[in-house]
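Peer 1: Handing you a structure now.
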Amino acid sequence: MTGLDASFLYLETAEQIMVINGLVHLDVTTIEEGYSFERLRSGLARRVKSVPPFRRRIHDSRWNPGHPAWVEDFDFDISHHVRLIRLGPDGTEDQLLEECGRLASTPLDRTRPLWQVWVIERGEPHAPIVSAFCRVHHSLIDGMLGAELLSTLAATDATTPEQDPALVRTHVGRANTLQLIAGGARDLLGRPLTLLRLLPETLSVPAVITRARGPAGAGESMPAPFTAPRTLFNHSLTPHRALATASLDLQSVKLVTARLGGTVNDVLLTVVGGAVRSYLEAHGDAPDPPMVAIVPMSTRDDLATGGANQVSAMFASLATDVADPVERYERISAAADTTKRQAASIRPALLDNWARMSPRWVLDVGMRAYESLRLADVHPVIYNLIISNVPGPRHALYFLGARITHMHPFGPLLHGAGLSVTSLSTDGRLDLGVISCEHLVPDPDAVARGITAALDELVELTAP
């Protein structure tokens with residue numbers, strides 16, 4: 001297991017659950033042989049054989065000085081991973097999201113492969129409305145890998161795709177504690193040399209970022225960590241999660257970029273910033289300085305660590321100090337090139353290298369001390385929220401014959417930032433998932449509605 005993948009295990013606590021969730025709505029009327037939960041589960045059991053990460057579990061030892069390893073779960077049982085919830089004939093969308101929030105508030109069982117699918121039925125038994133709430137630990141996937149795995153499980157029509165024999169045969173072997181300890185010892189012995197190489201490179205990062213900005217006036221510089229204003233959702237987390245969803249018309253988003261320039265990501269930052277600004281104004285907590293989002297960036301094309309997580313991040317100003325949406329968009333768009341250039345100036349493998357050599361007990365014990373002392377309430381705010389945009393398939397997808405009508409992703413939350421918005425572009429729309437710490441933001445649906453309203457306003461204001 002790479003250091004970055006393992007770090008998501010060490011950082012997990014009862015209040016900071018490092019799981020990527022997704023709510024998938026299914027049109028089961030497209031299933032040729034008809035829908036039943038049992039048939040869906042048995043079909044998924046066959047498909048999982050073509051997804052090696054979903055057949056693996058953690059292997060570790062108290063004597064291992066290195067990171068845990070993935071091993072094949074030869075006792076894999078689909079019934080532990082795919083389960084049914086019936087909300088009954090009167091089940092509503094609000095009840096569905098409430099149930100998903102309850103599921104998102106619980107950690108995954110580490111003795112088994114780290115994923116679950118909860119099939120949730122509503123409506124009449126003879127014609128149910130079916131959704132799937134999917135949960136995968138962040139140590140197993142990042143956003144881009146999740147989209148790739150989805151393409152393995154899904155198809156572009158209602159037929160069931162053929163399995164890839166090579167993937168079915170791929171496995172990592174049985175647990176071997178002696179090999180695990182020996183590998184951990186080799187890793188431990190190499191850490192001093194790695195430190196000598198990493199330290200000067202890390203110390204030079206501020207200068208590298210400054211040079212990457214280019215000449216004066218080339219664009220607003222990337223905000224620095226610990227400079228974000230504190231808001232009502234920038235505090236320590238509780239274990240309880242609340243979810244909301246929204247869907248944006250991709251054509252409307254592209255209308256804005258055609259009229260003003262910029263990218264889809266610029267639109268997303270603008271409308272999320274507008275929604276959060278409106279939400280905080282309604283609660284009397286809008287800060288004067290602009291809020292700062294952390295935006296994950298895939299390094300899958302630049303980084304070959306072999307790990308599941310190949311990701312970096314940049315800090316982006318949401319220009320929430322600007323009331324006018326168009327002016328806010330123009331400021332975000334103008335700063336985008338400089339911000340991306342500065343983020344890209346840092347070697348993609350640097351974060352993974354530090355995670356690989358960091359002693360596990362430092363992250364494990366340190367995280368628990370950080371949580372119990374509630375230090376996120378004391379130190380300056382690192383960033384206000386997470387905003388992630390994952391490119392997905394451009395066409396309709398079918399899951400075991402059922403047409404996927406919507407896919408709403410939800411990223412994990414970290415202490416100090418109890419709100420996250422994740423977007424997945426697919427089939428002519430942006431499906432958004434808003435997840436919050438229920439104690440800090442009990443009504444994420446207000447933020448979701450605000451995002452939709454902010455896009456409508458931006459389209460109207462830029463109309464010729």
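Residues are referred to by chain and number: the chain letter is A, B, ... according to the order shown in the structure tokens, the number counts from 1 in that chain, and ligands are numbered separately from 1 in the order shown.
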Within 10 Å of segment 361-373 of chain A, counting only C-alpha atoms, which residues show up once you throw out same-chain ones fewer than 2 positions away? Write them as a list in words, please.
Peer 2: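 The residues that qualify are Ser7, Phe8, Leu9, Tyr10, Leu11, Glu12, Thr13, Ala14, Glu15, Gln16, Pro65, Ser236, Leu237, Thr238, Ala355, Ser358, Pro359, Leu375, Ala376, Asp377, Val378 and His415 of chain A.
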Peer 1: Once DSSP has gone over the backbone, tell me which residues of segment 251-402 of chain A are in alpha helix (DSSP H), as number ranges by chain.
Peer 2: A: 251-260, 264-282, 325-344, 350-357, 360-372
Peer 1: Nearest to Arg135 of chain A: which of A:Leu97, A:Ala104, A:Leu87, A:Val459 is it, counting only C-alpha atoms?
Peer 2: A:Ala104
Peer 1: Using DSSP on the backbone, list every residue of segment 52-156 of chain A that comes out as strand (DSSP E), and give them as an mmCIF file with C-alpha atoms, in the first residue's frame.
Peer 2:
```cif
data_model
loop_
_atom_site.group_PDB
_atom_site.id
_atom_site.type_symbol
_atom_site.label_atom_id
_atom_site.label_comp_id
_atom_site.auth_asym_id
_atom_site.auth_seq_id
_atom_site.Cartn_x
_atom_site.Cartn_y
_atom_site.Cartn_z
ATOM 1 C CA ARG A 56 -9.054 -6.994 -1.517
ATOM 2 C CA ARG A 57 -8.869 -6.421 2.218
ATOM 3 C CA ILE A 58 -6.294 -4.914 4.559
ATOM 4 C CA HIS A 59 -3.495 -7.056 6.003
ATOM 5 C CA ALA A 69 -0.782 -4.285 2.539
ATOM 6 C CA TRP A 70 -3.683 -5.313 0.327
ATOM 7 C CA VAL A 71 -4.347 -9.056 0.156
ATOM 8 C CA GLU A 72 -6.931 -11.105 -1.701
ATOM 9 C CA VAL A 82 -24.679 -5.501 -1.044
ATOM 10 C CA ARG A 83 -27.751 -5.051 1.141
ATOM 11 C CA LEU A 84 -31.358 -3.956 0.786
ATOM 12 C CA ILE A 85 -33.315 -1.180 2.510
ATOM 13 C CA ARG A 86 -37.056 -0.767 1.869
ATOM 14 C CA LEU A 87 -38.523 2.636 2.677
ATOM 15 C CA GLY A 88 -42.028 1.512 1.761
ATOM 16 C CA TRP A 115 -16.887 -1.029 0.088
ATOM 17 C CA GLN A 116 -20.653 -1.348 0.373
ATOM 18 C CA VAL A 117 -23.695 -0.903 -1.850
ATOM 19 C CA TRP A 118 -27.053 -0.284 -0.198
ATOM 20 C CA VAL A 119 -29.925 -0.823 -2.619
ATOM 21 C CA ILE A 120 -32.811 1.366 -1.450
ATOM 22 C CA GLU A 121 -36.352 0.714 -2.691
ATOM 23 C CA ARG A 122 -39.253 3.145 -2.485
ATOM 24 C CA ILE A 129 -38.176 3.343 -7.338
ATOM 25 C CA VAL A 130 -34.625 2.046 -6.919
ATOM 26 C CA SER A 131 -31.476 3.878 -5.856
ATOM 27 C CA ALA A 132 -28.062 2.562 -4.870
ATOM 28 C CA PHE A 133 -25.996 4.229 -2.156
ATOM 29 C CA CYS A 134 -22.391 3.231 -2.841
ATOM 30 C CA ARG A 135 -19.586 3.560 -0.284
ATOM 31 C CA VAL A 136 -15.869 3.032 -0.959
ATOM 32 C CA HIS A 137 -12.991 3.880 1.362
#
```
Peer 1: Please determine, counting only C-alpha atoms, which residue among A:Gly433, A:Pro68, A:His395, A:Glu32 has the shortest atom-to-atom distance to Gly184 of chain A.
Peer 2: A:Pro68
Peer 1: Which of these residues is nearest to Pro287 of chain A, using only C-alpha atoms: A:Leu44, A:Leu232, A:Val421, A:Leu250?
Peer 2: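 Answer, going by the shortest atom-to-atom distance: A:Leu232.
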Peer 1: Work out how far atom CA of Leu149 of chain A is from atom CA of Asp431 of chain A, in Å to one decimal.
Peer 2: 17.8 Å
Peer 1: Record the distance separating atom CA of Val390 of chain A and atom CA of Thr422 of chain A, expressed in Å with one decimal.
Peer 2: 7.6 Å
Peer 1: Looking at A:Ile78, A:Leu108, A:Ala207, A:Asp142, which one is nearest to Glu38 of chain A, with distances taken over only C-alpha atoms?
Peer 2: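 The closest residue to Glu38 of chain A is A:Ile78.
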